[in-house]
There are 2 protein chains.
Amino acid sequence: MPHVDFRTCPGQYRHWRLTADGPVATLTMDVDEQGGLTPGYELKLNSYDLGVDIELYDAVQRLRFEHPEVKAVVITSGKDRVFCAGANIRMLAAASHPWKVNFCKFTNETRNGIEDATANSGQIYIAALNGTASGGGYELALACEHIMLIDDRSSVVSLPELPLLGVLPGTGGLTRVTDKRHVRRDLADYFATKSEGIGGKKAVQWKLVDQAVPRAQWHEQVSERSRAAARSSPRLPGGWPGIELTPLEKTRTGGAVGYSCVSAALDRERGVAEITVRGPETAAISLDDLHALGAAFWTLAMTRELDDLILDLRTNEPEIGTWVLGTQGDAELVLACDALLLDHAATDWLASEIVLYLKRTLKRLDVTSRSLIALVEPGSCFAGSLLELALAADRSYMLSVAPAPHGPRITVGGMNLGPLPMGNGLTRLQTRYLGDAGALEAVEKRAAEPLDAADADQLGLVTFAPDDIDWDEEVRIAIEERASFSPDALTGLEANYRFAGPETVETKIFGRLTAWQNWIFYRPNASGPDGALRAYGTGKRADFDRKRV
Amino acid sequence: MPHVDFRTCPGQYRHWRLTADGPVATLTMDVDEQGGLTPGYELKLNSYDLGVDIELYDAVQRLRFEHPEVKAVVITSGKDRVFCAGANIRMLAAASHPWKVNFCKFTNETRNGIEDATANSGQIYIAALNGTASGGGYELALACEHIMLIDDRSSVVSLPELPLLGVLPGTGGLTRVTDKRHVRRDLADYFATKSEGIGGKKAVQWKLVDQAVPRAQWHEQVSERSRAAARSSPRLPGGWPGIELTPLEKTRTGGAVGYSCVSAALDRERGVAEITVRGPETAAISLDDLHALGAAFWTLAMTRELDDLILDLRTNEPEIGTWVLGTQGDAELVLACDALLLDHAATDWLASEIVLYLKRTLKRLDVTSRSLIALVEPGSCFAGSLLELALAADRSYMLSVAPAPHGPRITVGGMNLGPLPMGNGLTRLQTRYLGDAGALEAVEKRAAEPLDAADADQLGLVTFAPDDIDWDEEVRIAIEERASFSPDALTGLEANYRFAGPETVETKIFGRLTAWQNWIFYRPNASGPDGALRAYGTGKRADFDRKRV
C-alpha cells in the first residue's frame, strides 16, 4: 500500500471542481482517468478511489469553513451522461482486505459528513444526477437531502454490487434506501438485484429519487431547487467572512508524527502509538479574536490535526493496534476555549462549525479499529473537550497520588453534556452510564469541578486509579496484553462495546452493514481467484460455493 | 456434517434434567461427556454442542406448553463446582464455517426464547450458578432474568473467548453485558479480556451478576429467590392442565419433507425448496376444544412443523438457498383459528403460548439466511397468521386474474396488526411501511377484506402482480436469478433489508454482533492452521497477522 496523505486543497484537486455562486455552491465530479492513487487501474466513468474521495472530503470541509455564505450545495458530474459509476472495481479487486475496509470507512465518514452539513450547518446538499449513478455513485446521492435524476430514457440509479460483484453496496446504500428514504423492503430487494437500474417515474414512485426531470428543463430546475434550498436554509449568519483552512504543518517520520499541538510517537515493535494532545497556551479570547485567529484557534487547530492523525495512522499504520491517549497543558485554558465556543455556537457560524467538526472527529475515533487507552497523568488536561478522548477510550487509567493535591485532575465541562453526541445520538457520558440515570446525575452535579483520582474513580469516570506503586506495571501490562490478543477479535469487541444503546442510520451503517460487508469482502465468493469481484470484466463467470452461511 | 434431527423429548435427554416442583421448575445441566453429536470431542465441564442445545430448546418449549403451573425456572448445574464451560472448543475448532454460524444462530434463538418466556409467559428464569460459568455458560446466565453466583472464592463468571480463542462471545454476551445489564463499557472491556473471570462482590458491583451467595446459604437462597419470582409472576391462569407436545410425525427423504400440514419439495439442482403450508380443515372451535385438541390444534401443529422444517433445512440443506413459500386452503378457516387465539390470548395461557410460539417461529424465519419468495396463487390462503409468511418474504408475487372474482385473495387480519412483532419491535406491516403512516393506515382500513391482486398491489402488500401470461416466466426468472447470485452477498443483503427501523438487543445480536463474529470466525487469526481457535489446548501460541482491519 502506498503512504497516503490526506492533506489537499482546491488548487491541487484533480477530480473535483468547487465553485460558489452566492448562496449556492456546486461540486462537480470530473474524475481524471489517469489520476488513480496507485497504478493498475483507470478511473473511467467517474469511478473513484481513495484519492478522489480525499478531495471530496476536503471540499466538504472547506465549504463549511471557507464559505459561510453557502447555503446549498449541488453535487453533479462534469461528464456527459454519467454521474458516477461508484468505487473503481479494478482498484477494489486488487486491494488488500484491510485497504478495502479502510477505504469504505473513510467514504462512509465523508457521506455522513455531508448529511451532517445538511442537518446541522444549513448547507443543504442536492444530488443533481445528470447521468447514471451506479453503486457508490448512487450512494453518494443517497447522502444528499434531495435527489434529482435526469429523465432521458437512459439515465438510471442502481446498486449493481450484488448481481455484478457479489458484494454489498459498501457506503451505506442498503441502510439509507430503507431507513432514510423508506423504500419498501421488497422493492429495495428487487432494486438491489437489478444491475440495469431504475430511472424515470418509477424511480420516483419507488422513492429512489425525489424528482425525474426532463433534459430540457434540467438546468432550470436544478437552479430553482438549489435556490429554494438556500432560501430555506437555517445557516447561521455572521458578520465575518470565511476563514482559510491553511495548510497543516506536519512532520512525519517512521517513528513520529508532529503538528502544532498534537503529536504521536510510533512504536511498531510493540504495536503502540502514544498520542499526545497539548492544550491551548493562551487565555480566553473574544469572538472577534476567534474569527481573526481562524485556523490558528486552538480548538480548530487541534481538531484538524487530530483528524489528520487518525486518518494517517488508520491508513498507513495498520500494525499499530493500540493508541495510548494523553494530554498536556492547562485544563482551565481548555475549558475557556470550550466556553467561548459554546457561548456562541447557537448564533455564530464559525463557533458552531468548530464544535460540529470536533463532534465528527470524535466520531471518527469511535469507529476506528484500534484499541484506545487513555492515561490521566500529572500535567494532563483532560477537561471538557479533551475529556472526551478519555470517554471515547476503551479503558482509562488515572494516577492516584497521595496527598491528593498533587495528583492529576479531570473536569467535566459543557462539552461533555450535549454538543458532542456519538453516532448513536447519545453523549459519551450517557452511553457510559446507560440505564443508570443516578450515576449520570451524580457526574453532572460535579461539572466544572476538578476531580482527583479517588473522586473520578468513585463516579465511574475512569476505569482504574492505580497509585504510583502500581501505575507502571498496571499500565504496561494493559498495553502489552492488548498487543497479544487477536486484532480481529479486538476490532469486533470494540465495535460492539462502543455502541451500547440506541442505533441510528449512522451506527447501523458502521455496525450491521459494514460488519456484513467485511465478511463478504473476505470470502472467496467475492475475493477468491474465482470470486465475483475478481472475475468482473474478465468475461469469466464467478464460481460460487453455493452453501448458505 | 451429520444429518441433524431437532426432535427430542425429556425421556431422550442425555444432558439435561427437567424437574417441576409446583410453581418452580429446575433445569439441571449435566452434560454427558461422551454424548457429543459428532465424534472427535468430549463434552467436558458441562461444555455444549448443538445436541445439548437442542435438548435445552425442547425443555424450554415443554415448560411453556406442558407446565402451565410453572412460574419460575431455575437453571443450574449437576456438576460439582462448574456451572458450564460454554460451547465446546474442540467442536468449534473442527467445525466448518457454516456449521459454526448456524450453531450460534440456533443457540441465540434459544436464549432469546428464554428471555421471551420471562417477559411474556410469566416463566421467570433464574440462573443459579453453583460453579464457574465461562463463555457460553455465562451467556446462558445472561439470558436469565436474575443471576445468582455462588461465593466460594473460586467460582466466577467470565467471557474468555477473546483472550483464549481469538473470537467473540458468540451468543449475545457483549450486547447483553452493556445493553441489558448495563455494565459500564470500560469495565465490560476489562472483563472480556480477563480470562480468569470475576466473582464474588466485585461481580455484583460491576453488575455482572445480581447476587453473590455464600455456599452455606446457597440452597436456601436459590429456593427463596425462585419462590419469590414465582409469586411475582403474571403467568396466565387456566382451568386446564398442560398439553402434551406429542412427537412430530415427519417423513423425510432426500427430495421431500412432509408433516401433517407443512411440506417441502427439495430441488437441490436448482437450489430451491418449495414450502407449502396447508390451512386448517375444520371450522371454528371453542376454547374447550382448543385445550382438548392441544398439539393437534391447527395453529400449534402448523407452527411446530414450520419450526422443525426451518431448523432442518437451515442445518441440513445449506445449498438450498431459496425458499419459495406457498399456502393452500381456506382463508376463512385460518382467520377463525386466529380469532379464537386472539380472543383468548390475554386471559388463557394456552392461547397466549400458541401466539407467542408463532411469533418466535416467524422471527426464526426473519433471521434465516435463505432468500424467501412468496407466491400467492389460486387456492392459497395468505390470510392473517399465514399472510405473515408473505410479509416475511424478501419478495412476493401474486397472480392477477381477470375477471377478478377468480383470482387469489389475501386478507389482512388481527394477527398482522400487533401480536407477532419482529425482533425490531415492529410488526412486519410497520416495518414494511416504515416512515409511511398513510400507507399503513390504508392497509389497516381494509383489514378482514379479501383483496385481489390489483388491490394488494396498489396497497403495497405484494411486490409484483403479474397476470397469467407473464406469471410463469416472471416467477421462474426471479427464482433462477436468485440462485445465480453470490450466496454470501444475498445473506448480507437480506440481513440488512429485513431489519429496517429500530434496533433492539435482539436485532443487535443478530445484526451487529453476529456479523462481526462471522467475519472473525472466518479469518485465519481464529480459524487458520495457526489461529487461536485451533491452537487452543495444543500448547502452541496462536500466530496472528497483526494488521488491524
# chains A, B, ... in the order shown; residues from 1 in each chain; ligands from 1
$ select_by_dssp --residues "range 190-420 of chain B" --states "strand (DSSP E)" --output "VMD selection string"
chain B and resid 211 to 214 251 to 252 256 to 258 262 to 267 272 to 278 322 to 328 371 to 376 382 to 383 395 to 398 410 to 411
$ select_by_dssp --residues "range 429-463 of chain A" --states "helix (DSSP H, G or I)" --output "list in words"
Leu429, Gln430, Thr431, Arg432, Ala437, Gly438, Ala439, Leu440, Glu441, Ala442, Val443, Glu444, Lys445, Ala453, Ala454, Asp455, Ala456, Asp457, Gln458 and Leu459 of chain A
$ closest_residue --among "A:Arg111, A:Arg81, A:Arg498, A:Arg62" --to "Arg360 in chain A" --atoms "only C-alpha atoms"
A:Arg111
$ residues_around --residues "range 213-227 of chain A" --least-positions-apart "3" --cutoff "6 Å" --atoms "only C-alpha atoms" --output "ChimeraX atom specification"
/A:150-151,230
$ write_last_selection --atoms "C-alpha atoms" --output "mmCIF file, in the first residue's frame"
data_model
loop_
_atom_site.group_PDB
_atom_site.id
_atom_site.type_symbol
_atom_site.label_atom_id
_atom_site.label_comp_id
_atom_site.auth_asym_id
_atom_site.auth_seq_id
_atom_site.Cartn_x
_atom_site.Cartn_y
_atom_site.Cartn_z
ATOM 1 C CA ILE A 150 -32.353 13.500 -15.412
ATOM 2 C CA ASP A 151 -35.230 11.797 -17.239
ATOM 3 C CA ALA A 230 -30.683 28.039 0.050
#
$ residues_around --residues "range 542-548 of chain B" --least-positions-apart "3" --cutoff "10 Å" --atoms "only C-alpha atoms" --output "number ranges by chain"
A: 98, 102, 271, 314-315, 317-322, 368-371, 483-491; B: 164-166, 523-526, 528-536, 538-539
$ write_last_selection --atoms "C-alpha atoms" --output "PDB file, in the first residue's frame"
ATOM      1  CA  PRO A  98      -7.688  -4.004   5.177  1.00  0.00           C
ATOM      2  CA  ASN A 102     -10.481   1.259   5.472  1.00  0.00           C
ATOM      3  CA  GLY A 271       2.307  -2.006  18.132  1.00  0.00           C
ATOM      4  CA  ARG A 314      -5.584   4.215  10.340  1.00  0.00           C
ATOM      5  CA  THR A 315      -4.446   4.022   6.730  1.00  0.00           C
ATOM      6  CA  GLU A 317      -0.021   2.067  10.235  1.00  0.00           C
ATOM      7  CA  PRO A 318      -2.308  -0.987  10.302  1.00  0.00           C
ATOM      8  CA  GLU A 319       0.026  -2.905  12.616  1.00  0.00           C
ATOM      9  CA  ILE A 320      -0.118  -0.278  15.327  1.00  0.00           C
ATOM     10  CA  GLY A 321      -3.143  -1.695  17.086  1.00  0.00           C
ATOM     11  CA  THR A 322      -3.142   0.289  20.326  1.00  0.00           C
ATOM     12  CA  THR A 368     -11.529   3.457  14.500  1.00  0.00           C
ATOM     13  CA  SER A 369     -10.495  -0.179  14.725  1.00  0.00           C
ATOM     14  CA  ARG A 370      -7.718   0.406  17.240  1.00  0.00           C
ATOM     15  CA  SER A 371      -7.734  -0.161  20.972  1.00  0.00           C
ATOM     16  CA  ALA A 483      -0.954  -6.397  21.718  1.00  0.00           C
ATOM     17  CA  SER A 484      -1.104 -10.125  22.481  1.00  0.00           C
ATOM     18  CA  PHE A 485      -4.783 -10.527  21.555  1.00  0.00           C
ATOM     19  CA  SER A 486      -6.260 -11.305  18.163  1.00  0.00           C
ATOM     20  CA  PRO A 487      -6.520  -7.995  16.285  1.00  0.00           C
ATOM     21  CA  ASP A 488      -9.722  -9.212  14.628  1.00  0.00           C
ATOM     22  CA  ALA A 489     -11.425 -10.119  17.885  1.00  0.00           C
ATOM     23  CA  LEU A 490     -10.443  -6.752  19.376  1.00  0.00           C
ATOM     24  CA  THR A 491     -11.957  -4.962  16.412  1.00  0.00           C
TER      25      THR A 491
ATOM     26  CA  LEU B 164      -8.142 -17.553  24.804  1.00  0.00           C
ATOM     27  CA  LEU B 165      -9.713 -18.191  21.426  1.00  0.00           C
ATOM     28  CA  GLY B 166      -9.395 -15.007  19.417  1.00  0.00           C
ATOM     29  CA  ARG B 523     -10.377 -15.114   9.473  1.00  0.00           C
ATOM     30  CA  PRO B 524      -7.108 -17.079   9.750  1.00  0.00           C
ATOM     31  CA  ASN B 525      -6.403 -15.371  13.087  1.00  0.00           C
ATOM     32  CA  ALA B 526      -9.181 -17.552  14.502  1.00  0.00           C
ATOM     33  CA  GLY B 528      -6.455 -20.769  10.195  1.00  0.00           C
ATOM     34  CA  PRO B 529      -3.956 -23.550  10.916  1.00  0.00           C
ATOM     35  CA  ASP B 530      -2.178 -21.233  13.393  1.00  0.00           C
ATOM     36  CA  GLY B 531      -5.337 -19.432  14.505  1.00  0.00           C
ATOM     37  CA  ALA B 532      -6.274 -19.098  18.130  1.00  0.00           C
ATOM     38  CA  LEU B 533      -9.299 -21.366  17.897  1.00  0.00           C
ATOM     39  CA  ARG B 534      -7.251 -24.238  16.542  1.00  0.00           C
ATOM     40  CA  ALA B 535      -4.186 -23.566  18.699  1.00  0.00           C
ATOM     41  CA  TYR B 536      -6.217 -23.686  21.924  1.00  0.00           C
ATOM     42  CA  THR B 538      -2.288 -27.590  21.953  1.00  0.00           C
ATOM     43  CA  GLY B 539       0.276 -25.638  23.960  1.00  0.00           C
TER      44      GLY B 539
END
$ residues_around --residues "Arg181 in chain A" --least-positions-apart "4" --cutoff "7 Å" --atoms "only C-alpha atoms" --output "list in words"
Arg176, Val177 and Lys207 of chain A
$ closest_residue --among "B:His67, B:Lys359, B:Arg252, B:His344" --to "Leu309 in chain B" --atoms "only C-alpha atoms"
B:Arg252
$ residues_around --residues "His182 in chain A" --least-positions-apart "2" --cutoff "8 Å" --atoms "only C-alpha atoms" --output "MDAnalysis selection string"
(chainID A and resid 176:180 184 207) or (chainID B and resid 433:436)
$ residues_around --residues "Phe499 in chain B" --least-positions-apart "2" --cutoff "12 Å" --atoms "only C-alpha atoms" --output "count of residues only"
45
